[in-house]
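Engineer: Got a file for you: query33.txt, compact mmCIF, C-alpha atoms and all ligand atoms.
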# COMPACT_ATOMS: atom_id res chain seq x y z
CA MET A 1 13.29 -125.77 60.40
CA ARG A 2 11.68 -128.02 57.76
CA VAL A 3 13.99 -129.72 55.39
CA PRO A 4 12.55 -129.73 51.83
CA ARG A 5 11.98 -133.25 50.46
CA ALA A 6 13.81 -134.35 47.39
CA ARG A 7 11.34 -134.86 44.51
CA PRO A 8 11.99 -137.60 42.04
CA ILE A 9 12.59 -136.36 38.55
CA SER A 10 9.95 -137.91 36.31
CA PRO A 11 9.75 -138.02 32.54
CA HIS A 12 7.22 -135.96 30.66
CA PRO A 13 3.68 -137.19 31.53
CA ALA A 14 2.85 -137.90 27.88
CA LEU A 15 5.92 -140.09 27.39
CA PRO A 16 4.45 -143.35 28.70
CA GLN A 17 1.67 -143.19 26.12
CA LEU A 18 4.18 -142.38 23.38
CA VAL A 19 6.54 -145.25 24.02
CA GLY A 20 4.17 -147.79 25.44
CA TRP A 21 5.16 -147.83 29.13
CA SER A 22 1.57 -147.91 30.19
CA ARG A 23 0.68 -151.00 28.23
CA PRO A 24 -0.52 -153.94 30.32
CA PRO A 25 1.88 -156.81 30.92
CA ILE A 26 1.87 -159.43 28.21
CA PRO A 27 -0.28 -162.38 29.26
CA PRO A 28 1.18 -165.85 29.04
CA HIS A 29 0.95 -167.25 25.53
CA PRO A 30 -2.51 -168.81 25.17
CA ALA A 31 -1.15 -171.44 22.83
CA GLY A 32 1.45 -172.49 25.33
CA GLY A 33 4.06 -172.91 22.59
CA SER A 34 6.14 -175.95 23.22
CA GLY A 35 4.58 -176.37 26.61
CA SER A 36 6.76 -174.28 28.83
CA ARG A 37 9.33 -171.60 28.30
CA ARG A 38 12.93 -172.53 27.96
CA PRO A 39 15.24 -171.12 30.62
CA GLY A 40 16.05 -167.49 29.95
CA GLU A 41 13.27 -167.07 27.42
CA GLY A 42 11.28 -164.81 29.67
CA ARG A 43 14.24 -162.54 30.05
CA ARG A 44 14.93 -162.67 26.33
CA ALA A 45 11.34 -161.85 25.45
CA GLY A 46 11.31 -159.06 27.96
CA ALA A 47 14.55 -157.64 26.66
CA GLU A 48 13.24 -157.71 23.13
CA GLU A 49 10.02 -156.08 24.22
CA ASN A 50 12.04 -153.40 25.91
CA ARG A 51 14.23 -152.87 22.94
CA ALA A 52 11.25 -152.75 20.66
CA GLY A 53 8.81 -150.86 22.78
CA ARG A 54 10.73 -148.20 24.63
CA CYS A 55 12.50 -145.21 23.43
CA PRO A 56 16.15 -145.11 24.53
CA ALA A 57 16.04 -141.51 25.63
CA ALA A 58 12.89 -142.16 27.59
CA MET A 59 13.80 -145.60 28.82
CA PRO A 60 14.40 -145.46 32.53
CA SER A 61 17.70 -146.79 33.74
CA PRO A 62 17.52 -150.03 35.79
CA ARG A 63 17.60 -147.81 38.89
CA SER A 64 14.47 -145.97 37.89
CA SER A 65 12.59 -148.88 36.32
CA PRO A 66 8.95 -149.25 37.46
CA SER A 67 9.79 -152.23 39.65
CA ARG A 68 12.48 -150.23 41.36
CA ARG A 69 10.18 -147.30 41.71
CA ALA A 70 7.66 -149.55 43.40
CA ALA A 71 10.26 -150.64 45.95
CA PRO A 72 9.64 -149.74 49.59
CA ILE A 73 9.82 -146.01 50.30
CA PRO A 74 13.28 -145.16 51.52
CA SER A 75 13.78 -144.15 55.10
CA PRO A 76 13.17 -140.49 56.02
CA SER A 77 16.87 -139.83 56.25
CA ARG A 78 17.26 -140.96 52.63
CA ARG A 79 14.18 -139.06 51.48
CA ALA A 80 15.67 -135.91 52.88
CA ALA A 81 18.75 -136.24 50.73
CA PRO A 82 19.71 -132.93 49.21
CA ILE A 83 18.54 -132.14 45.69
CA PRO A 84 21.50 -132.72 43.37
CA SER A 85 22.91 -129.55 41.97
CA PRO A 86 22.01 -128.93 38.31
CA SER A 87 25.57 -129.67 37.31
CA ARG A 88 25.33 -133.18 38.83
CA ARG A 89 22.03 -134.12 37.17
CA ALA A 90 22.32 -136.52 34.25
CA ALA A 91 22.29 -134.65 31.00
CA PRO A 92 19.16 -135.50 28.99
CA GLY A 93 19.88 -137.86 26.08
CA PRO A 94 18.98 -136.96 22.53
CA SER A 95 15.25 -137.14 22.12
CA PRO A 96 14.19 -139.93 19.77
CA SER A 97 12.80 -138.98 16.42
CA CYS A 98 9.15 -139.62 15.73
CA ALA A 99 10.18 -142.29 13.25
CA ALA A 100 12.22 -144.13 15.90
CA VAL A 101 9.38 -143.99 18.41
CA ALA A 102 6.90 -145.16 15.78
CA LEU A 103 9.20 -148.00 14.73
CA ARG A 104 9.67 -149.17 18.30
CA SER A 105 5.95 -149.06 18.93
CA LEU A 106 5.35 -151.03 15.74
CA LEU A 107 7.87 -153.68 16.76
CA ALA A 108 6.40 -153.99 20.24
CA ALA A 109 2.92 -154.41 18.74
CA ASP A 110 4.38 -156.91 16.27
CA LEU A 111 5.77 -159.09 19.08
CA ARG A 112 2.49 -159.04 20.98
CA PHE A 113 0.32 -159.69 17.94
CA SER A 114 2.59 -162.44 16.59
CA ARG A 115 2.52 -164.20 19.96
CA GLN A 116 -1.28 -164.11 19.91
CA LEU A 117 -1.34 -165.50 16.37
CA GLY A 118 1.06 -168.33 17.17
CA VAL A 119 -1.82 -170.72 17.81
CA CYS A 120 -0.02 -173.72 16.31
CA ALA A 121 3.32 -173.11 18.01
CA GLY A 122 3.14 -176.43 19.85
CA GLU A 123 1.10 -179.61 19.91
CA ARG A 124 -0.67 -178.41 23.04
CA SER A 125 -1.35 -174.95 21.62
CA ALA A 126 -4.88 -173.68 21.02
CA TRP A 127 -4.87 -174.98 17.43
CA GLY A 128 -2.15 -177.54 18.01
CA SER A 129 -4.02 -180.23 16.09
CA ALA A 130 -3.55 -178.20 12.89
CA ARG A 131 0.21 -178.15 13.37
CA PRO A 132 0.97 -181.22 11.18
CA LEU A 133 -0.93 -179.62 8.29
CA LEU A 134 0.95 -176.36 8.69
CA ARG A 135 4.22 -178.26 8.83
CA LEU A 136 3.32 -179.83 5.51
CA LEU A 137 2.84 -176.31 4.14
CA GLU A 138 6.23 -175.48 5.61
CA VAL A 139 7.82 -178.25 3.54
CA SER A 140 5.93 -177.07 0.44
CA GLY A 141 7.70 -173.70 0.71
CA HIS A 142 11.07 -175.03 1.80
CA GLY A 143 14.22 -174.51 -0.30
CA VAL A 144 15.19 -178.19 -0.55
CA PRO A 145 12.11 -179.51 -2.42
CA TRP A 146 12.10 -176.49 -4.69
CA LEU A 147 15.78 -176.86 -5.56
CA ALA A 148 15.50 -180.62 -5.95
CA GLY A 149 12.36 -180.35 -8.08
CA THR A 150 13.89 -177.72 -10.34
CA LEU A 151 17.10 -179.72 -10.82
CA TYR A 152 15.05 -182.83 -11.57
CA GLY A 153 12.95 -180.89 -14.09
CA LEU A 154 16.08 -179.52 -15.73
CA GLY A 155 17.50 -183.00 -16.10
CA ARG A 156 14.29 -184.30 -17.64
CA SER A 157 13.35 -181.30 -19.80
CA GLU A 158 13.64 -181.83 -23.52
CA SER A 159 12.50 -178.48 -24.81
CA PRO A 160 14.91 -175.52 -24.94
CA ALA A 161 12.13 -173.17 -23.76
CA GLY A 162 11.41 -175.36 -20.73
CA ARG A 163 15.09 -175.56 -19.89
CA GLU A 164 15.42 -171.79 -20.09
CA VAL A 165 12.56 -171.27 -17.65
CA LEU A 166 13.84 -173.92 -15.24
CA LEU A 167 17.39 -172.58 -15.36
CA ASN A 168 16.08 -169.15 -14.42
CA LEU A 169 13.97 -170.67 -11.66
CA LEU A 170 17.12 -172.31 -10.31
CA PHE A 171 18.90 -168.96 -10.46
CA ALA A 172 15.95 -167.34 -8.67
CA LEU A 173 15.96 -169.96 -5.88
CA VAL A 174 19.71 -169.65 -5.31
CA LEU A 175 19.51 -165.86 -5.39
CA ASP A 176 16.72 -166.02 -2.81
CA LEU A 177 18.75 -168.26 -0.48
CA VAL A 178 21.77 -165.95 -0.71
CA LEU A 179 19.85 -162.69 -0.22
CA VAL A 180 17.81 -164.04 2.69
CA ALA A 181 20.97 -165.39 4.36
CA VAL A 182 22.67 -161.99 3.96
CA VAL A 183 19.74 -160.04 5.42
CA LYS A 184 19.22 -162.53 8.25
CA GLY A 185 22.93 -162.35 9.07
CA LEU A 186 22.87 -158.54 9.07
CA VAL A 187 19.66 -158.04 11.04
CA ARG A 188 20.06 -161.02 13.42
CA ARG A 189 16.56 -160.85 14.80
CA ARG A 190 15.83 -163.81 17.03
CA ARG A 191 12.93 -166.09 16.23
CA PRO A 192 9.91 -165.67 18.53
CA THR A 193 10.50 -167.16 21.96
CA HIS A 194 7.50 -169.47 21.55
CA ASN A 195 8.99 -171.09 18.42
CA LYS A 196 9.96 -174.73 18.73
CA MET A 197 13.18 -175.19 16.76
CA ASP A 198 12.04 -178.38 15.01
CA MET A 199 12.26 -177.10 11.45
CA PHE A 200 12.97 -179.30 8.45
CA VAL A 201 16.61 -178.85 7.24
CA THR A 202 18.03 -175.48 8.23
CA ILE A 203 21.29 -173.63 7.68
CA SER A 204 23.08 -171.59 10.34
CA VAL A 205 21.41 -168.24 9.65
CA ASP A 206 18.01 -169.87 10.01
CA LYS A 207 18.21 -169.31 13.74
CA TYR A 208 17.30 -165.73 12.78
CA SER A 209 13.86 -164.75 11.70
CA PHE A 210 14.03 -161.55 9.64
CA PRO A 211 12.97 -161.92 6.87
CA SER A 212 11.00 -165.13 6.51
CA GLY A 213 12.72 -167.23 3.86
CA HIS A 214 9.49 -169.07 3.22
CA ALA A 215 7.69 -165.79 2.57
CA THR A 216 10.37 -164.50 0.17
CA ARG A 217 10.40 -167.80 -1.71
CA ALA A 218 6.62 -168.08 -1.82
CA ALA A 219 6.20 -164.54 -3.16
CA MET A 220 8.99 -164.89 -5.71
CA VAL A 221 7.97 -168.34 -6.93
CA CYS A 222 4.37 -167.17 -7.14
CA ARG A 223 5.29 -164.29 -9.44
CA PHE A 224 7.62 -166.52 -11.42
CA VAL A 225 5.01 -169.21 -11.98
CA LEU A 226 2.29 -166.72 -12.88
CA HIS A 227 4.59 -165.14 -15.48
CA HIS A 228 6.06 -168.25 -17.04
CA LEU A 229 3.48 -171.01 -16.81
CA VAL A 230 0.28 -171.01 -18.74
CA LEU A 231 -2.28 -171.95 -16.11
CA ALA A 232 -6.05 -171.88 -15.93
CA ILE A 233 -7.51 -169.16 -13.70
CA PRO A 234 -8.40 -171.53 -10.81
CA LEU A 235 -4.82 -172.76 -10.73
CA ARG A 236 -3.49 -169.22 -10.77
CA VAL A 237 -5.72 -168.40 -7.82
CA LEU A 238 -4.45 -171.51 -6.05
CA VAL A 239 -0.83 -170.44 -6.55
CA VAL A 240 -1.54 -167.03 -5.02
CA LEU A 241 -3.46 -168.61 -2.13
CA TRP A 242 -0.63 -171.05 -1.50
CA ALA A 243 1.88 -168.19 -1.21
CA ILE A 244 -0.36 -166.26 1.18
CA ILE A 245 -1.09 -169.32 3.34
CA VAL A 246 2.58 -170.29 3.52
CA GLY A 247 3.30 -166.79 4.85
CA ILE A 248 0.47 -166.81 7.40
CA SER A 249 1.40 -170.31 8.55
CA ARG A 250 4.88 -169.07 9.52
CA VAL A 251 3.34 -166.84 12.19
CA MET A 252 0.80 -169.48 13.27
CA LEU A 253 3.60 -172.03 13.71
CA GLY A 254 5.41 -169.48 15.89
CA ARG A 255 8.37 -169.42 13.49
CA HIS A 256 8.08 -165.72 12.72
CA ASN A 257 6.71 -162.37 13.71
CA VAL A 258 4.26 -160.68 11.37
CA THR A 259 6.85 -158.13 10.21
CA ASP A 260 9.27 -160.92 9.19
CA VAL A 261 6.62 -162.33 6.88
CA ALA A 262 5.41 -158.95 5.58
CA PHE A 263 8.96 -157.90 4.72
CA GLY A 264 9.59 -161.37 3.26
CA PHE A 265 6.66 -160.97 0.89
CA ILE A 266 7.92 -157.56 -0.25
CA MET A 267 11.48 -158.81 -0.64
CA GLY A 268 10.40 -161.91 -2.58
CA TYR A 269 8.21 -159.79 -4.85
CA MET A 270 11.19 -157.52 -5.61
CA GLN A 271 13.55 -160.45 -6.08
CA TYR A 272 11.53 -161.50 -9.09
CA ASN A 273 12.36 -158.09 -10.64
CA VAL A 274 16.06 -158.94 -10.26
CA VAL A 275 15.49 -162.33 -11.90
CA LYS A 276 13.62 -160.65 -14.75
CA TYR A 277 16.39 -158.09 -15.18
CA PHE A 278 19.14 -160.72 -15.33
CA TRP A 279 17.06 -163.24 -17.25
CA LEU A 280 19.33 -165.99 -18.55
CA SER A 281 18.74 -166.80 -22.22
CA PRO A 282 20.74 -168.11 -25.16
CA LEU A 283 21.25 -164.44 -26.05
CA SER A 284 22.38 -163.16 -22.63
CA ALA A 285 24.32 -166.27 -21.57
CA PRO A 286 25.20 -168.12 -24.81
CA ALA A 287 28.02 -170.10 -23.20
CA LEU A 288 25.75 -171.51 -20.52
CA PHE A 289 23.14 -172.64 -23.01
CA ALA A 290 25.74 -173.97 -25.43
CA VAL A 291 27.08 -176.26 -22.70
CA TRP A 292 23.58 -177.30 -21.77
CA ASN A 293 22.40 -178.02 -25.28
CA GLN A 294 25.34 -180.26 -26.13
C1 LIG C 1 22.06 -176.48 -1.53
C2 LIG C 1 21.67 -175.76 -0.31
C3 LIG C 1 22.69 -174.94 0.40
C4 LIG C 1 20.43 -175.84 0.11
C5 LIG C 1 19.95 -175.18 1.30
C6 LIG C 1 18.49 -175.34 1.37
C7 LIG C 1 18.03 -174.88 2.70
C8 LIG C 1 18.49 -175.61 3.90
C9 LIG C 1 17.24 -173.85 2.78
C10 LIG C 1 16.75 -173.31 4.06
C11 LIG C 1 15.28 -173.21 4.00
C12 LIG C 1 14.79 -172.66 5.29
C13 LIG C 1 14.75 -173.52 6.46
C14 LIG C 1 14.41 -171.38 5.35
C15 LIG C 1 13.95 -170.74 6.58
O1 LIG C 1 12.70 -170.24 6.31
P1 LIG C 1 12.04 -169.24 7.33
O2 LIG C 1 10.72 -168.90 6.73
O3 LIG C 1 11.90 -169.95 8.62
O4 LIG C 1 12.95 -168.06 7.42
Can you present the structure in this file as structure tokens?
Structural biologist:
Amino acid sequence: MRVPRARPISPHPALPQLVGWSRPPIPPHPAGGSGSRRPGEGRRAGAEENRAGRCPAAMPSPRSSPSRRAAPIPSPSRRAAPIPSPSRRAAPGPSPSCAAVALRSLLAADLRFSRQLGVCAGERSAWGSARPLLRLLEVSGHGVPWLAGTLYGLGRSESPAGREVLLNLLFALVLDLVLVAVVKGLVRRRRPTHNKMDMFVTISVDKYSFPSGHATRAAMVCRFVLHHLVLAIPLRVLVVLWAIIVGISRVMLGRHNVTDVAFGFIMGYMQYNVVKYFWLSPLSAPALFAVWNQ
């Protein structure tokens, strides 16, 4: 009598395309990052890819992962194992919503694309020679020079109007630092694995990458400057270009993924609305200005 063979239970044939199982393996980073991967980075990158690119309901358990499935065919005695009764089969998990699948696919694409764009992630990267220039841009969008410059300007300013603008810029910069720290602390997305952690002055949450603090600051400062400084058109264009380049350079330096910067730009743009709403003036904060004007 022939014993029927147990057939492996496979997911729906369309599922791999939906969640990205069939995508090719990620090639090694062309830029090389800091030269070689740190221990555990491969696993970390892979885990993040998995988290980002696969749908939990569809994600095979470690036992049924592709590598396991490619393992040598079990011996005939094991292949002839009886089909588990329906009651013993694992109950299917909740199917992911389209939004969840789309988000995971977007994040997986984000990781891949950002890795490809990280051409200045290390000195030996494809565009490694441009790294010093991009690091200069990094300093130009950093919190310390902006805070220091604003405080210096406040100390030197002799006109009440100038002081009002600078005081609000200071408020905007502090608000930005606080909001970015809160979101980074909540989201806790790791920086790209190819990032070299050699950044100029950081605080503890800066080990996280979402959102890009440089992008929020650049977008907010850009709006602030365009609204409150009277500048010739070429200078206005330069300010906008600076903000955009600071954002792009974050991905090229390997500091961020594209979505960190995109969200950072949106968040920074909105932050200016908050600053505008709570605008500090002798009318809205008379005590503050009274102290200052003494
Ligand atoms: C007074 C005080 C607490 C100043 C802190 C200034 C500071 C260390 C800001 C952090 C700037 C920074 C490294 C942001 C990270 O930018 P990402 O674009 O890498 O998120």
Engineer: List all protein, DNA and RNA residues that have any atom at most 10 Å from ligand LIG 1 (chain C), counting all atoms listed in the file, and write the list as a PDB file with C-alpha atoms, in the frame of the given file.
Structural biologist:
ATOM      1  CA  GLU A 138       6.230-175.480   5.610  1.00  0.00           C
ATOM      2  CA  VAL A 139       7.820-178.250   3.540  1.00  0.00           C
ATOM      3  CA  GLY A 141       7.700-173.700   0.710  1.00  0.00           C
ATOM      4  CA  HIS A 142      11.070-175.030   1.800  1.00  0.00           C
ATOM      5  CA  GLY A 143      14.220-174.510  -0.300  1.00  0.00           C
ATOM      6  CA  VAL A 144      15.190-178.190  -0.550  1.00  0.00           C
ATOM      7  CA  PRO A 145      12.110-179.510  -2.420  1.00  0.00           C
ATOM      8  CA  TRP A 146      12.100-176.490  -4.690  1.00  0.00           C
ATOM      9  CA  LEU A 147      15.780-176.860  -5.560  1.00  0.00           C
ATOM     10  CA  ALA A 148      15.500-180.620  -5.950  1.00  0.00           C
ATOM     11  CA  LEU A 173      15.960-169.960  -5.880  1.00  0.00           C
ATOM     12  CA  VAL A 174      19.710-169.650  -5.310  1.00  0.00           C
ATOM     13  CA  ASP A 176      16.720-166.020  -2.810  1.00  0.00           C
ATOM     14  CA  LEU A 177      18.750-168.260  -0.480  1.00  0.00           C
ATOM     15  CA  VAL A 178      21.770-165.950  -0.710  1.00  0.00           C
ATOM     16  CA  VAL A 180      17.810-164.040   2.690  1.00  0.00           C
ATOM     17  CA  ALA A 181      20.970-165.390   4.360  1.00  0.00           C
ATOM     18  CA  LYS A 184      19.220-162.530   8.250  1.00  0.00           C
ATOM     19  CA  ARG A 191      12.930-166.090  16.230  1.00  0.00           C
ATOM     20  CA  MET A 197      13.180-175.190  16.760  1.00  0.00           C
ATOM     21  CA  MET A 199      12.260-177.100  11.450  1.00  0.00           C
ATOM     22  CA  PHE A 200      12.970-179.300   8.450  1.00  0.00           C
ATOM     23  CA  VAL A 201      16.610-178.850   7.240  1.00  0.00           C
ATOM     24  CA  THR A 202      18.030-175.480   8.230  1.00  0.00           C
ATOM     25  CA  ILE A 203      21.290-173.630   7.680  1.00  0.00           C
ATOM     26  CA  SER A 204      23.080-171.590  10.340  1.00  0.00           C
ATOM     27  CA  VAL A 205      21.410-168.240   9.650  1.00  0.00           C
ATOM     28  CA  ASP A 206      18.010-169.870  10.010  1.00  0.00           C
ATOM     29  CA  LYS A 207      18.210-169.310  13.740  1.00  0.00           C
ATOM     30  CA  TYR A 208      17.300-165.730  12.780  1.00  0.00           C
ATOM     31  CA  SER A 209      13.860-164.750  11.700  1.00  0.00           C
ATOM     32  CA  PHE A 210      14.030-161.550   9.640  1.00  0.00           C
ATOM     33  CA  PRO A 211      12.970-161.920   6.870  1.00  0.00           C
ATOM     34  CA  SER A 212      11.000-165.130   6.510  1.00  0.00           C
ATOM     35  CA  GLY A 213      12.720-167.230   3.860  1.00  0.00           C
ATOM     36  CA  HIS A 214       9.490-169.070   3.220  1.00  0.00           C
ATOM     37  CA  ALA A 215       7.690-165.790   2.570  1.00  0.00           C
ATOM     38  CA  THR A 216      10.370-164.500   0.170  1.00  0.00           C
ATOM     39  CA  ARG A 217      10.400-167.800  -1.710  1.00  0.00           C
ATOM     40  CA  ALA A 218       6.620-168.080  -1.820  1.00  0.00           C
ATOM     41  CA  VAL A 246       2.580-170.290   3.520  1.00  0.00           C
ATOM     42  CA  GLY A 247       3.300-166.790   4.850  1.00  0.00           C
ATOM     43  CA  SER A 249       1.400-170.310   8.550  1.00  0.00           C
ATOM     44  CA  ARG A 250       4.880-169.070   9.520  1.00  0.00           C
ATOM     45  CA  VAL A 251       3.340-166.840  12.190  1.00  0.00           C
ATOM     46  CA  LEU A 253       3.600-172.030  13.710  1.00  0.00           C
ATOM     47  CA  GLY A 254       5.410-169.480  15.890  1.00  0.00           C
ATOM     48  CA  ARG A 255       8.370-169.420  13.490  1.00  0.00           C
ATOM     49  CA  HIS A 256       8.080-165.720  12.720  1.00  0.00           C
ATOM     50  CA  ASP A 260       9.270-160.920   9.190  1.00  0.00           C
ATOM     51  CA  VAL A 261       6.620-162.330   6.880  1.00  0.00           C
ATOM     52  CA  GLY A 264       9.590-161.370   3.260  1.00  0.00           C
TER      53      GLY A 264
END
Engineer: Between A:Gly118, A:Val239, A:Ala219, A:Pro234, which one has atoms that come closest to Ala130 of chain A, using only C-alpha atoms?
Structural biologist: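 Among the listed residues, the smallest separation from Ala130 of chain A belongs to A:Gly118.
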Engineer: Nearest to Glu123 of chain A: which of A:Met270, A:Leu231, A:Arg135, A:Trp292 is it, counting all atoms listed in the file?
Structural biologist: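 Of all the options, A:Arg135 lies closest to Glu123 of chain A.
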Engineer: Work out how far atom CA of Met220 of chain A is from atom CA of Leu235 of chain A, in Å to one decimal.
Structural biologist: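 According to the coordinates, atom CA of Leu235 of chain A and atom CA of Met220 of chain A are separated by 16.7 Å.
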Engineer: Need the shell around Arg236 of chain A: protein/DNA/RNA residues with any atom at most 10 Å away, counting only C-alpha atoms. Skip same-chain ones fewer than 6 positions apart. Format as a count of residues only?
Structural biologist: 6
Engineer: Looking at all atoms listed in the file, which of A:Val182, A:Leu288, A:Val221, A:Ala262 is the one that sits closest to Glu164 of chain A?
Structural biologist: A:Leu288
Engineer: Could you tell me how far atom CA of Leu179 of chain A lies from atom CA of Gly268 of chain A, in Å and to one decimal?
Structural biologist: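 Here the two named atoms are 9.8 Å from each other.
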Engineer: Using all atoms listed in the file, pick whichever of A:Leu133, A:Val240, A:Val291, A:Cys120 has the shortest atom-to-atom distance to Phe224 of chain A.
Structural biologist: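 Closest residue, counting all atoms listed in the file: A:Val240.
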Engineer: Between A:Pro160, A:Gln271, A:Leu151, A:Leu175, which one has atoms that come closest to Ala290 of chain A, using all atoms listed in the file?
Structural biologist: A:Pro160
Engineer: Quick check, in Å to one decimal: how far apart do atom CA of Ser97 of chain A and atom CA of Ser114 of chain A lie?
Structural biologist: 25.6 Å
